[in-house]
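Heads up, the thing below is written out as structure tokens.
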Amino acid sequence: MKKQVFHDATTGILIGLILSIIFSFIHSPSNYAPLSPNSLIGQFMTQHHVSLVLLYCLLIWAAIGVLFSFGSRLFAQDWSLLRATVTHFFLMLLGFVPLAILAGWFPLNWLFLLQLIPEFAIVYLIIWTILYKRESKKVSHINQLLAKKK
């Protein structure tokens with residue numbers, strides 16, 4: 001279990017680092033900034049001369065990696081698809097959004113957050129539908145193979 005959490009955290013750090021390099025290069029090609037200086041948390045760190053910005057970002061990215069991995073494990077539970085999906089949706093919404101704000105990806109603005117919820121739900125539904133159809137095809141294929149063996 002400890003190895004899995006470490007792996008999940010490391011995966012989150014790697015993905016966060018890659019994304020931060022890409023976005024930092026897009027917005028400021030000459031300077032690497034793991035955290036947007038325009039974000040609320042970036043402004044706070046600049047004003048208070050926090051020098052451990054990268055360490056802070058690594059911790060947030062690790063938490064996101066662990067959250068996503070934990071969320072995917074919900075579907076391995078002996079739950080109905082509806083219960084797993086609703087639990088996963090709210091875990092991602094209530095877990096990822098605060099972490100994204102702390103990571104400087106989303107602004108801490110009530111209007112933005114109210115707009116984000118339906119957008120998040122729509123994107124979630126699209127991704128869920130695609131994954132459901134893909135898994136449904138796999139199950140159908142396995143059932144066909146089993147039917148041929150009988």
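All residue names refer to the structure tokens as shown: chains lettered A, B, ... in order, residues numbered from 1 in each chain, ligands numbered from 1 in order.
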
Inset, instruction - Write out as a PyMOL selection string which residues come within 10 Å of region 18-22 of chain A when counting only C-alpha atoms, dropping same-chain ones fewer than 4 positions away. - result: chain A and resi 12-14+26-29+31-36+57

Inset, instruction - Give me every alpha helix (DSSP H) residue in chain A, going by DSSP on the backbone, as an MDAnalysis selection string. - result: chainID A and resid 2:27 40:47 53:73 81:102 110:149

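For the set A:Thr11, A:Ser136, A:Leu145, A:Trp128, the residue with the smallest atom-to-atom gap to Val86 (chain A) is A:Trp128, counting only C-alpha atoms.
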
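Proximity of A:Phe96, A:Phe70, A:Phe23, A:Phe75 to Tyr132 (chain A), computed with only C-alpha atoms, is greatest for A:Phe75.
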
Inset, instruction - Find the residues near Pro37 (chain A): any atom within 12 Å, counting only C-alpha atoms, skip ones fewer than 3 places away on the same chain, and give them as a list in words. - result: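 Within the cut-off, the hits are Ser24, His27, Ser28, Asn31, Tyr32, Ala33, Pro34, Leu40, Ile41, Gly42, Gln43, Phe44, Met45, Thr46, Gln47, Val53, Ala103, Gly104, Trp105 and Pro107 of chain A.
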
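CA of Leu74 (chain A) lies 6.7 Å from CA of His88 (chain A).
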
Legend entry - Shortest interatomic distance to Leu55 (chain A) - which of A:Glu119, A:Leu81, A:Leu17, A:Phe112, counting only C-alpha atoms: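 When distances to Leu55 (chain A) are compared using only C-alpha atoms, the smallest one comes from A:Leu17.
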
Inset, instruction - Write out as a list of chain:residue names which residues come within 12 Å of Phe6 (chain A) when counting only C-alpha atoms, dropping same-chain ones fewer than 3 positions away. - result: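 Listed by chain and then number, they are A:Met1, A:Lys2, A:Lys3, A:Ala9, A:Thr10, A:Thr11, A:Gly12, A:Ile13, A:Leu59, A:Ala62, A:Ala63, A:Gly65, A:Val66, A:Ser69.
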
Inset, instruction - Select, from A:Leu91, A:Ser30, A:Gln77, A:Glu135, the residue with the minimum atom-to-atom distance to Ile64 (chain A), counting only C-alpha atoms. - result: A:Leu91

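Counting only C-alpha atoms and comparing A:Ile60, A:Ala147, A:Tyr124, A:Leu94, the residue that lies closest to Ile15 (chain A) is A:Ile60.
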